[in-house]
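File shown: input_19.txt (compact mmCIF, C-alpha atoms and all ligand atoms).
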# COMPACT_ATOMS: atom_id res chain seq x y z
CA MET A 1 55.04 90.46 66.83
CA ARG A 2 51.46 91.82 66.42
CA SER A 3 49.90 91.37 62.99
CA ASN A 4 48.62 94.36 61.09
CA ILE A 5 46.24 92.74 58.62
CA ALA A 6 43.03 94.48 57.52
CA GLY A 7 39.93 92.28 57.72
CA ASN A 8 38.92 93.50 54.28
CA ILE A 9 39.73 96.43 52.03
CA LEU A 10 37.12 98.65 53.69
CA ASP A 11 39.26 98.74 56.84
CA ALA A 12 41.88 100.59 54.79
CA ILE A 13 39.63 103.60 54.13
CA GLY A 14 40.84 106.85 55.69
CA GLY A 15 44.07 107.73 57.45
CA THR A 16 45.42 109.41 54.31
CA PRO A 17 48.72 111.31 54.48
CA ILE A 18 49.22 115.06 54.79
CA VAL A 19 52.25 116.27 52.85
CA ARG A 20 54.14 119.56 53.24
CA LEU A 21 54.55 121.08 49.78
CA GLN A 22 58.17 122.21 49.56
CA HIS A 23 58.23 123.55 46.00
CA PHE A 24 54.67 124.24 44.84
CA GLY A 25 54.19 127.85 45.88
CA ALA A 26 57.90 128.29 46.56
CA GLY A 27 58.72 131.75 47.80
CA LEU A 28 55.44 132.22 49.65
CA ALA A 29 55.67 132.99 53.38
CA PRO A 30 52.97 130.53 54.61
CA ALA A 31 53.56 126.76 54.66
CA LEU A 32 51.39 124.87 52.14
CA HIS A 33 50.13 121.32 52.70
CA ALA A 34 48.03 118.76 50.84
CA LYS A 35 45.89 115.91 52.13
CA ILE A 36 46.21 113.08 49.63
CA GLU A 37 42.79 111.45 49.37
CA SER A 38 43.86 109.30 46.41
CA MET A 39 45.48 107.08 49.04
CA ASN A 40 42.05 105.70 49.90
CA PRO A 41 41.75 102.16 48.51
CA ALA A 42 39.41 102.90 45.60
CA GLY A 43 41.30 106.09 44.89
CA SER A 44 39.30 109.03 46.23
CA MET A 45 37.79 110.71 49.26
CA LYS A 46 34.42 109.37 48.14
CA ASP A 47 35.38 105.96 49.56
CA ARG A 48 34.64 107.45 52.97
CA SER A 49 31.19 108.69 51.87
CA ALA A 50 30.37 105.47 50.04
CA LEU A 51 31.04 103.29 53.07
CA ARG A 52 29.18 105.56 55.47
CA MET A 53 26.14 105.92 53.20
CA ILE A 54 25.85 102.17 52.72
CA GLU A 55 26.35 101.53 56.44
CA ALA A 56 23.62 104.07 57.22
CA ALA A 57 21.22 102.37 54.78
CA GLU A 58 22.07 98.99 56.36
CA ALA A 59 21.42 100.40 59.83
CA GLU A 60 18.02 101.61 58.62
CA HIS A 61 17.29 98.09 57.28
CA GLN A 62 16.98 99.34 53.70
CA LEU A 63 19.45 96.78 52.34
CA GLY A 64 18.78 93.06 52.60
CA PRO A 65 21.18 90.35 51.36
CA GLY A 66 22.06 90.92 47.69
CA ALA A 67 20.25 94.29 47.63
CA LYS A 68 20.40 96.49 44.54
CA ILE A 69 21.65 100.05 45.03
CA VAL A 70 21.12 102.84 42.50
CA ILE A 71 23.22 106.03 42.47
CA ALA A 72 23.84 108.99 40.18
CA THR A 73 27.58 109.65 40.01
CA SER A 74 30.21 111.63 38.16
CA GLY A 75 32.56 108.73 38.83
CA ASN A 76 34.34 108.59 42.16
CA MET A 77 31.31 107.89 44.36
CA GLY A 78 30.48 105.09 41.97
CA VAL A 79 33.95 103.58 42.27
CA GLY A 80 33.83 103.85 46.07
CA MET A 81 30.38 102.29 46.22
CA ALA A 82 31.36 99.57 43.75
CA MET A 83 34.22 98.63 46.07
CA VAL A 84 31.89 98.55 49.11
CA CYS A 85 29.25 96.59 47.17
CA ALA A 86 31.84 94.03 46.02
CA VAL A 87 32.83 93.42 49.64
CA LYS A 88 29.28 93.41 51.01
CA LYS A 89 27.79 91.48 48.06
CA PHE A 90 25.33 94.15 46.99
CA GLN A 91 24.59 95.02 43.35
CA LEU A 92 25.26 98.52 42.11
CA ILE A 93 23.68 100.43 39.23
CA CYS A 94 25.43 103.72 38.40
CA LEU A 95 23.82 106.49 36.37
CA VAL A 96 26.66 108.22 34.57
CA ASP A 97 27.07 110.65 31.67
CA PRO A 98 29.48 111.14 28.77
CA LYS A 99 31.78 113.32 30.90
CA ILE A 100 32.89 110.31 32.93
CA PRO A 101 36.62 109.68 32.26
CA PRO A 102 37.16 106.39 30.37
CA ALA A 103 39.47 105.07 33.11
CA THR A 104 36.78 105.62 35.74
CA GLU A 105 34.18 103.86 33.58
CA ARG A 106 36.49 100.84 33.26
CA CYS A 107 37.08 100.85 37.06
CA LEU A 108 33.32 100.72 37.65
CA GLU A 109 32.84 97.83 35.24
CA THR A 110 35.85 95.97 36.62
CA LEU A 111 34.45 96.26 40.13
CA GLY A 112 31.19 94.72 38.89
CA ALA A 113 28.94 97.78 38.74
CA LYS A 114 26.28 98.09 36.04
CA LEU A 115 26.36 101.38 34.13
CA VAL A 116 23.43 103.30 32.69
CA LYS A 117 24.63 106.29 30.66
CA VAL A 118 22.47 109.30 29.83
CA TYR A 119 23.30 111.38 26.76
CA LYS A 120 20.76 114.21 26.80
CA ARG A 121 21.96 117.51 28.22
CA ASP A 122 19.68 119.20 30.75
CA HIS A 123 18.57 122.83 30.43
CA THR A 124 21.67 124.02 32.32
CA GLY A 125 23.93 122.45 29.68
CA GLY A 126 25.03 119.63 32.01
CA TYR A 127 23.77 116.07 32.43
CA HIS A 128 23.00 116.11 36.08
CA LEU A 129 19.24 116.67 35.83
CA THR A 130 18.92 114.03 33.11
CA ARG A 131 20.74 111.55 35.36
CA LEU A 132 18.31 112.30 38.19
CA GLU A 133 15.31 111.87 35.86
CA LYS A 134 16.65 108.51 34.78
CA VAL A 135 16.80 107.35 38.40
CA GLU A 136 13.00 107.03 38.37
CA ASP A 137 13.07 104.76 35.28
CA VAL A 138 15.81 102.59 36.72
CA LEU A 139 13.94 102.20 40.02
CA ALA A 140 10.77 101.25 38.12
CA GLU A 141 12.70 98.64 36.13
CA ASN A 142 14.34 97.23 39.28
CA PRO A 143 11.67 96.64 41.92
CA GLY A 144 13.11 96.69 45.41
CA ALA A 145 16.20 98.67 44.37
CA VAL A 146 17.25 101.43 46.77
CA TYR A 147 18.32 104.89 45.57
CA LEU A 148 21.05 106.46 47.67
CA ASP A 149 21.08 110.22 47.09
CA GLN A 150 24.55 111.62 47.72
CA TYR A 151 23.30 115.20 47.19
CA ASP A 152 20.98 114.99 50.17
CA SER A 153 22.69 112.72 52.64
CA ALA A 154 23.52 113.21 56.31
CA ALA A 155 25.74 110.13 56.05
CA ASN A 156 27.77 111.68 53.21
CA ILE A 157 28.44 114.74 55.39
CA ASP A 158 29.01 112.68 58.52
CA ALA A 159 31.68 110.56 56.81
CA HIS A 160 33.84 113.66 56.56
CA TYR A 161 32.75 115.24 59.84
CA SER A 162 33.82 112.14 61.71
CA SER A 163 36.95 111.13 59.78
CA THR A 164 38.42 113.65 57.31
CA GLY A 165 37.94 116.64 59.63
CA PRO A 166 39.57 115.11 62.73
CA GLU A 167 42.37 113.60 60.62
CA ILE A 168 43.24 117.05 59.28
CA LEU A 169 43.14 118.80 62.64
CA GLU A 170 45.19 116.10 64.38
CA GLY A 171 47.54 115.78 61.40
CA VAL A 172 48.56 119.43 61.59
CA GLY A 173 48.85 119.37 65.38
CA GLY A 174 45.83 121.64 65.81
CA GLN A 175 47.43 124.57 63.96
CA LEU A 176 45.84 125.56 60.66
CA ALA A 177 45.24 129.09 59.37
CA ALA A 178 43.14 127.98 56.39
CA ILE A 179 41.71 124.96 54.67
CA VAL A 180 40.75 124.90 50.99
CA MET A 181 38.25 122.39 49.60
CA VAL A 182 36.10 122.09 46.50
CA ALA A 183 32.33 121.96 46.07
CA GLY A 184 30.37 119.07 44.56
CA THR A 185 27.61 117.29 46.45
CA GLY A 186 28.79 119.17 49.54
CA GLY A 187 29.43 115.99 51.54
CA SER A 188 33.13 116.49 52.05
CA SER A 189 33.19 120.27 52.44
CA MET A 190 30.18 120.48 54.74
CA GLY A 191 31.52 117.66 56.92
CA VAL A 192 35.00 119.14 57.30
CA ALA A 193 33.79 122.76 57.55
CA ARG A 194 31.33 121.86 60.31
CA TYR A 195 33.99 119.93 62.19
CA PHE A 196 36.38 122.87 62.01
CA ARG A 197 33.74 125.42 63.00
CA GLN A 198 33.11 123.42 66.15
CA HIS A 199 36.66 122.34 66.99
CA ALA A 200 38.95 124.96 65.44
CA PRO A 201 36.81 128.04 64.72
CA ASP A 202 39.84 130.23 63.95
CA THR A 203 40.66 128.22 60.83
CA ASP A 204 39.36 129.97 57.70
CA PHE A 205 37.37 127.75 55.36
CA TRP A 206 37.71 128.47 51.63
CA LEU A 207 35.27 126.71 49.32
CA VAL A 208 36.10 126.50 45.62
CA ASP A 209 33.67 125.88 42.76
CA GLU A 210 33.98 125.92 38.97
CA HIS A 211 32.52 128.84 37.02
CA GLY A 212 29.12 127.79 35.69
CA SER A 213 28.19 125.61 38.69
CA LEU A 214 24.89 126.07 40.48
CA ALA A 215 25.95 124.18 43.62
CA LEU A 216 26.02 127.15 45.97
CA ALA A 217 23.05 129.41 46.62
CA GLY A 218 23.46 132.79 44.95
CA ASN A 219 25.28 131.63 41.81
CA ASP A 220 22.80 131.37 38.97
CA GLY A 221 24.83 131.61 35.76
CA SER A 222 25.16 128.06 34.46
CA ALA A 223 27.87 127.34 31.86
CA PRO A 224 29.77 124.28 30.60
CA ARG A 225 32.00 122.73 33.26
CA PHE A 226 34.96 120.40 32.80
CA LEU A 227 36.17 119.27 36.23
CA ASN A 228 34.68 115.87 37.11
CA GLY A 229 33.12 115.78 40.54
CA MET A 230 33.13 119.52 41.06
CA GLY A 231 30.16 121.78 40.49
CA THR A 232 26.55 120.74 39.88
CA SER A 233 23.50 121.74 37.87
CA ILE A 234 21.42 121.82 41.04
CA GLU A 235 21.82 123.20 44.54
CA PRO A 236 22.42 120.06 46.63
CA ALA A 237 20.43 119.88 49.85
CA ASN A 238 23.71 119.07 51.65
CA TYR A 239 24.57 122.81 51.59
CA GLY A 240 21.35 123.70 53.39
CA GLY A 241 20.53 126.58 51.06
CA GLU A 242 22.34 129.59 52.47
CA GLY A 243 23.16 127.49 55.55
CA PHE A 244 26.62 126.66 54.25
CA ARG A 245 27.66 130.24 55.02
CA ASP A 246 27.59 129.37 58.74
CA TYR A 247 30.65 127.18 58.12
CA VAL A 248 32.32 128.59 55.03
CA ASP A 249 34.20 131.89 55.21
CA HIS A 250 34.96 132.46 51.51
CA VAL A 251 33.74 131.14 48.16
CA VAL A 252 36.03 131.32 45.11
CA TYR A 253 35.25 130.37 41.49
CA VAL A 254 37.93 129.03 39.16
CA ASP A 255 38.05 127.85 35.57
CA ALA A 256 39.24 124.48 34.36
CA ALA A 257 42.48 125.81 32.83
CA GLN A 258 43.64 127.30 36.14
CA ALA A 259 42.77 124.11 38.01
CA ILE A 260 44.40 121.68 35.58
CA ASP A 261 47.48 123.88 35.31
CA ALA A 262 47.92 123.86 39.10
CA ALA A 263 47.55 120.05 39.11
CA ALA A 264 50.18 119.76 36.36
CA GLN A 265 52.52 122.04 38.32
CA LEU A 266 52.03 119.95 41.45
CA ALA A 267 52.99 116.83 39.50
CA ARG A 268 56.19 118.44 38.25
CA THR A 269 57.23 120.17 41.47
CA GLU A 270 56.21 117.63 44.11
CA GLY A 271 55.73 114.33 42.25
CA ILE A 272 52.08 114.17 43.32
CA LEU A 273 49.35 113.34 40.78
CA THR A 274 45.92 114.75 41.50
CA GLY A 275 42.88 115.45 39.32
CA GLY A 276 41.65 118.86 38.24
CA THR A 277 39.54 119.38 41.35
CA GLY A 278 42.62 118.97 43.52
CA GLY A 279 44.23 121.45 41.15
CA ALA A 280 41.38 123.87 41.79
CA ALA A 281 42.01 123.70 45.54
CA LEU A 282 45.77 124.10 45.00
CA HIS A 283 45.33 127.09 42.71
CA VAL A 284 43.18 128.88 45.27
CA MET A 285 45.44 127.88 48.18
CA ARG A 286 48.45 129.41 46.45
CA ASN A 287 46.60 132.62 45.58
CA VAL A 288 45.15 133.18 49.03
CA ALA A 289 48.45 132.27 50.70
CA ALA A 290 50.06 135.12 48.79
CA ALA A 291 47.24 137.61 49.40
CA HIS A 292 45.94 136.88 52.90
CA TYR A 293 48.42 134.92 55.02
CA GLY A 294 51.95 135.36 56.31
CA PRO A 295 54.97 133.70 57.93
CA GLY A 296 54.07 130.96 60.38
CA ASP A 297 50.63 130.36 58.83
CA ARG A 298 49.79 126.85 57.68
CA LEU A 299 47.37 126.21 54.84
CA LEU A 300 46.00 122.89 53.63
CA ALA A 301 44.28 121.89 50.38
CA LEU A 302 42.37 118.64 50.21
CA LEU A 303 43.15 116.73 46.99
CA PRO A 304 40.09 114.53 46.28
CA ASP A 305 41.51 111.96 43.86
CA HIS A 306 44.42 110.70 41.74
CA GLY A 307 45.53 112.28 38.50
CA SER A 308 45.90 108.94 36.72
CA ARG A 309 42.11 108.84 36.20
CA TYR A 310 42.43 111.82 33.83
CA MET A 311 45.34 110.91 31.57
CA ASP A 312 42.96 110.59 28.60
CA THR A 313 41.10 113.78 29.44
CA GLN A 314 42.40 116.64 31.60
CA PHE A 315 46.10 115.86 31.07
CA ASN A 316 45.78 114.98 27.38
CA LYS A 317 46.65 117.71 24.88
CA ASP A 318 44.18 116.44 22.26
CA TRP A 319 41.32 116.46 24.74
CA LEU A 320 42.28 119.91 26.04
CA THR A 321 42.43 121.25 22.48
CA LEU A 322 39.00 119.82 21.68
CA GLN A 323 37.55 121.47 24.78
CA ASN A 324 39.38 124.71 24.00
CA ILE A 325 41.17 124.72 27.35
CA TYR A 326 44.68 126.16 27.34
CA VAL A 327 46.94 124.76 30.08
CA PRO A 328 50.34 126.49 29.85
CA THR A 329 52.28 123.93 31.89
CA ILE A 330 51.20 121.06 29.66
CA TYR A 331 51.52 122.86 26.30
CA ASP A 332 54.78 124.68 27.05
CA ASP A 333 56.54 121.50 28.14
CA ALA A 334 55.29 119.80 25.00
CA SER A 335 56.66 122.45 22.67
CA GLU A 336 60.08 122.26 24.36
CA ALA A 337 60.16 118.50 23.89
CA ASP A 338 59.29 118.71 20.17
C1 LIG B 1 37.30 114.39 42.05
C2 LIG B 1 36.25 115.00 42.92
N1 LIG B 1 36.45 116.22 43.41
C3 LIG B 1 35.53 116.83 44.17
C4 LIG B 1 34.32 116.21 44.48
C5 LIG B 1 33.32 116.97 45.31
O1 LIG B 1 33.15 116.42 46.57
P1 LIG B 1 31.75 116.47 47.30
O2 LIG B 1 30.78 115.68 46.48
O3 LIG B 1 32.01 115.84 48.63
O4 LIG B 1 31.35 117.90 47.42
C6 LIG B 1 34.08 114.94 44.00
C7 LIG B 1 32.80 114.28 44.26
O5 LIG B 1 32.42 113.34 43.62
C8 LIG B 1 35.06 114.31 43.20
O6 LIG B 1 34.86 113.07 42.70

Since I need it in another form, could you write the structure as structure tokens?
Ligand SMILES: Cc1ncc(COP(=O)(O)O)c(C=O)c1O
Amino acid sequence: MRSNIAGNILDAIGGTPIVRLQHFGAGLAPALHAKIESMNPAGSMKDRSALRMIEAAEAEHQLGPGAKIVIATSGNMGVGMAMVCAVKKFQLICLVDPKIPPATERCLETLGAKLVKVYKRDHTGGYHLTRLEKVEDVLAENPGAVYLDQYDSAANIDAHYSSTGPEILEGVGGQLAAIVMVAGTGGSSMGVARYFRQHAPDTDFWLVDEHGSLALAGNDGSAPRFLNGMGTSIEPANYGGEGFRDYVDHVVYVDAAQAIDAAAQLARTEGILTGGTGGAALHVMRNVAAAHYGPGDRLLALLPDHGSRYMDTQFNKDWLTLQNIYVPTIYDDASEAD
């Protein structure tokens, strides 16, 4: 018998399942699917980016033994990098903000990362620019530390061009009418969209962002955002300015209530827990399936992470009430149970 033992946990990154959704979107003619990125070992698609970015920095001789890495993260990249750093014996300093879910913060600490939290909102109402400002201070305080910028990173994009993209195309046997992904740093969407443009140009690429995000060129109305990982207060270089339009067919904006409601419905109908950004992709997939596709068409939404990270935030009635977000699926079930 041949053994099937991974050399370390990093060997378990990728190869996540694609699931046919039998009940979410029931009654629609197209077949809906989800790629479950929470099955990566540290719990999100960012594990792929984290490994590739650190490997790229190693290849460029930026990281000696015991090197210190600094990143700005909304959470999942930090957790992925903390896993990689634990295995490779690097130190990690994460710049985070108060929007980080408590469970993610505990994961980072448990994996040995050091956290630096910024509290001041930037002029867009978010924390992103304050986090980036703080990078300079942290680098000054830690001579020799290396900043890895996930917003401007060929390795971040390449991680998904070379793994997520091919996994999706092979997983669906080459037949996919549309793929729906969400926008953050642009690493995942630009990697997969580029791969599909080159290898399956007939597949439509739908990119979803949260209202109030400035990630994509042309959207300039900043507003508070609630979905961790999605949307930014800057236009990440990964999108190449207007360049993303060479790969992306449609851009759709959603609000947090729609996204979290779709995630809650997925949990109830399919037994799959995903965070609000997965919900955003699901919400859009269901809408466009109804409006633009027909029998025999396959659609796929990529679900970036696991819902369990958000039990104290997005799926918690008290938190939702404080943020003034109304999620019918969560509130209606609650009132029935009372
Ligand atoms: C939960 C979640 N969804 C979506 C994204 C956006 O992905 P990307 O940064 O590859 O655009 C992230 C990124 O951190 C994330 O953590």

*Could you list, as a list in words, all the residues within 7 Å of ligand LIG 1 (chain B), counting all atoms listed in the file?*
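What falls inside 7 Å of ligand LIG 1 (chain B) is Ser44, Lys46, Ser74, Gly75, Asn76, Met77, Val182, Ala183, Gly184, Thr185, Gly186, Gly187, Ser188, Ser189, Asn228, Gly229, Met230, Gly275, Thr277, Gly278, Pro304 and Asp305 of chain A.
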
_Counting only C-alpha atoms, I want the residues whose atoms come within 12 Å of (37.7, 130.8, 64.4) in the file frame, returned as a PyMOL selection string._
chain A and resi 175-178+193-205+246-249

*atom CA of A:Gln22 to atom CA of A:Thr269: how many Å, to one decimal?*
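Rounded to one decimal, the two atoms are 8.4 Å apart.
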
_Quick one: residues within 8 Å of A:Gln91, only C-alpha atoms, excluding same-chain residues fewer than 2 positions away - as a VMD selection string?_
chain A and resid 66 to 69 85 to 86 89 93 112 to 113

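Among the candidates A:His160, A:His211, A:Arg131, A:His123, the residue lying nearest to A:Ala280 is A:His211 (atoms considered: all atoms listed in the file).
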
What would stretch 1-12 of chain A look like with all heavy atoms in place, written as an mmCIF file, in the coordinates of the input?
data_model
loop_
_atom_site.group_PDB
_atom_site.id
_atom_site.type_symbol
_atom_site.label_atom_id
_atom_site.label_comp_id
_atom_site.auth_asym_id
_atom_site.auth_seq_id
_atom_site.Cartn_x
_atom_site.Cartn_y
_atom_site.Cartn_z
ATOM 1 N N MET A 1 55.359 89.353 67.723
ATOM 2 C CA MET A 1 55.040 90.460 66.830
ATOM 3 C C MET A 1 53.527 90.503 66.582
ATOM 4 O O MET A 1 52.937 89.475 66.286
ATOM 5 C CB MET A 1 55.771 90.230 65.496
ATOM 6 C CG MET A 1 56.087 91.501 64.773
ATOM 7 S SD MET A 1 56.778 91.168 63.138
ATOM 8 C CE MET A 1 58.442 90.688 63.584
ATOM 9 N N ARG A 2 52.896 91.710 66.690
ATOM 10 C CA ARG A 2 51.460 91.820 66.420
ATOM 11 C C ARG A 2 51.208 91.946 64.927
ATOM 12 O O ARG A 2 51.939 92.637 64.230
ATOM 13 C CB ARG A 2 50.875 93.043 67.131
ATOM 14 C CG ARG A 2 50.725 92.819 68.604
ATOM 15 C CD ARG A 2 49.431 93.389 69.218
ATOM 16 N NE ARG A 2 48.743 94.413 68.473
ATOM 17 C CZ ARG A 2 48.766 95.694 68.825
ATOM 18 N NH1 ARG A 2 49.488 96.097 69.845
ATOM 19 N NH2 ARG A 2 48.049 96.576 68.147
ATOM 20 N N SER A 3 50.172 91.257 64.427
ATOM 21 C CA SER A 3 49.900 91.370 62.990
ATOM 22 C C SER A 3 49.166 92.681 62.708
ATOM 23 O O SER A 3 48.551 93.268 63.592
ATOM 24 C CB SER A 3 49.063 90.186 62.514
ATOM 25 O OG SER A 3 47.743 90.339 62.960
ATOM 26 N N ASN A 4 49.265 93.109 61.495
ATOM 27 C CA ASN A 4 48.620 94.360 61.090
ATOM 28 C C ASN A 4 47.890 94.104 59.773
ATOM 29 O O ASN A 4 48.207 94.671 58.752
ATOM 30 C CB ASN A 4 49.715 95.428 60.923
ATOM 31 C CG ASN A 4 49.112 96.783 60.630
ATOM 32 O OD1 ASN A 4 47.923 97.008 60.879
ATOM 33 N ND2 ASN A 4 49.896 97.683 60.078
ATOM 34 N N ILE A 5 46.927 93.172 59.839
ATOM 35 C CA ILE A 5 46.240 92.740 58.620
ATOM 36 C C ILE A 5 44.809 93.252 58.654
ATOM 37 O O ILE A 5 44.073 92.997 59.618
ATOM 38 C CB ILE A 5 46.242 91.193 58.529
ATOM 39 C CG1 ILE A 5 47.689 90.681 58.509
ATOM 40 C CG2 ILE A 5 45.462 90.717 57.294
ATOM 41 C CD1 ILE A 5 47.795 89.170 58.641
ATOM 42 N N ALA A 6 44.416 93.970 57.595
ATOM 43 C CA ALA A 6 43.030 94.480 57.520
ATOM 44 C C ALA A 6 42.083 93.307 57.264
ATOM 45 O O ALA A 6 42.401 92.398 56.503
ATOM 46 C CB ALA A 6 42.917 95.506 56.403
ATOM 47 N N GLY A 7 40.917 93.348 57.904
ATOM 48 C CA GLY A 7 39.930 92.280 57.720
ATOM 49 C C GLY A 7 39.410 92.242 56.297
ATOM 50 O O GLY A 7 39.133 91.187 55.742
ATOM 51 N N ASN A 8 39.220 93.385 55.715
ATOM 52 C CA ASN A 8 38.920 93.500 54.280
ATOM 53 C C ASN A 8 39.345 94.891 53.861
ATOM 54 O O ASN A 8 39.780 95.700 54.685
ATOM 55 C CB ASN A 8 37.444 93.190 53.971
ATOM 56 C CG ASN A 8 36.507 94.169 54.638
ATOM 57 O OD1 ASN A 8 36.724 95.378 54.588
ATOM 58 N ND2 ASN A 8 35.467 93.660 55.298
ATOM 59 N N ILE A 9 39.184 95.171 52.569
ATOM 60 C CA ILE A 9 39.730 96.430 52.030
ATOM 61 C C ILE A 9 39.065 97.661 52.647
ATOM 62 O O ILE A 9 39.663 98.745 52.716
ATOM 63 C CB ILE A 9 39.645 96.431 50.480
ATOM 64 C CG1 ILE A 9 40.487 97.557 49.865
ATOM 65 C CG2 ILE A 9 38.205 96.536 49.991
ATOM 66 C CD1 ILE A 9 41.964 97.421 50.075
ATOM 67 N N LEU A 10 37.834 97.494 53.135
ATOM 68 C CA LEU A 10 37.120 98.650 53.690
ATOM 69 C C LEU A 10 37.802 99.175 54.951
ATOM 70 O O LEU A 10 37.683 100.360 55.290
ATOM 71 C CB LEU A 10 35.655 98.295 53.973
ATOM 72 C CG LEU A 10 34.887 97.710 52.781
ATOM 73 C CD1 LEU A 10 33.435 97.462 53.153
ATOM 74 C CD2 LEU A 10 34.993 98.623 51.562
ATOM 75 N N ASP A 11 38.529 98.294 55.643
ATOM 76 C CA ASP A 11 39.260 98.740 56.840
ATOM 77 C C ASP A 11 40.399 99.682 56.491
ATOM 78 O O ASP A 11 40.984 100.315 57.367
ATOM 79 C CB ASP A 11 39.838 97.534 57.594
ATOM 80 C CG ASP A 11 38.741 96.708 58.250
ATOM 81 O OD1 ASP A 11 37.618 97.227 58.369
ATOM 82 O OD2 ASP A 11 39.015 95.553 58.635
ATOM 83 N N ALA A 12 40.751 99.737 55.203
ATOM 84 C CA ALA A 12 41.880 100.590 54.790
ATOM 85 C C ALA A 12 41.429 101.987 54.380
ATOM 86 O O ALA A 12 42.238 102.806 53.955
ATOM 87 C CB ALA A 12 42.633 99.914 53.639
#
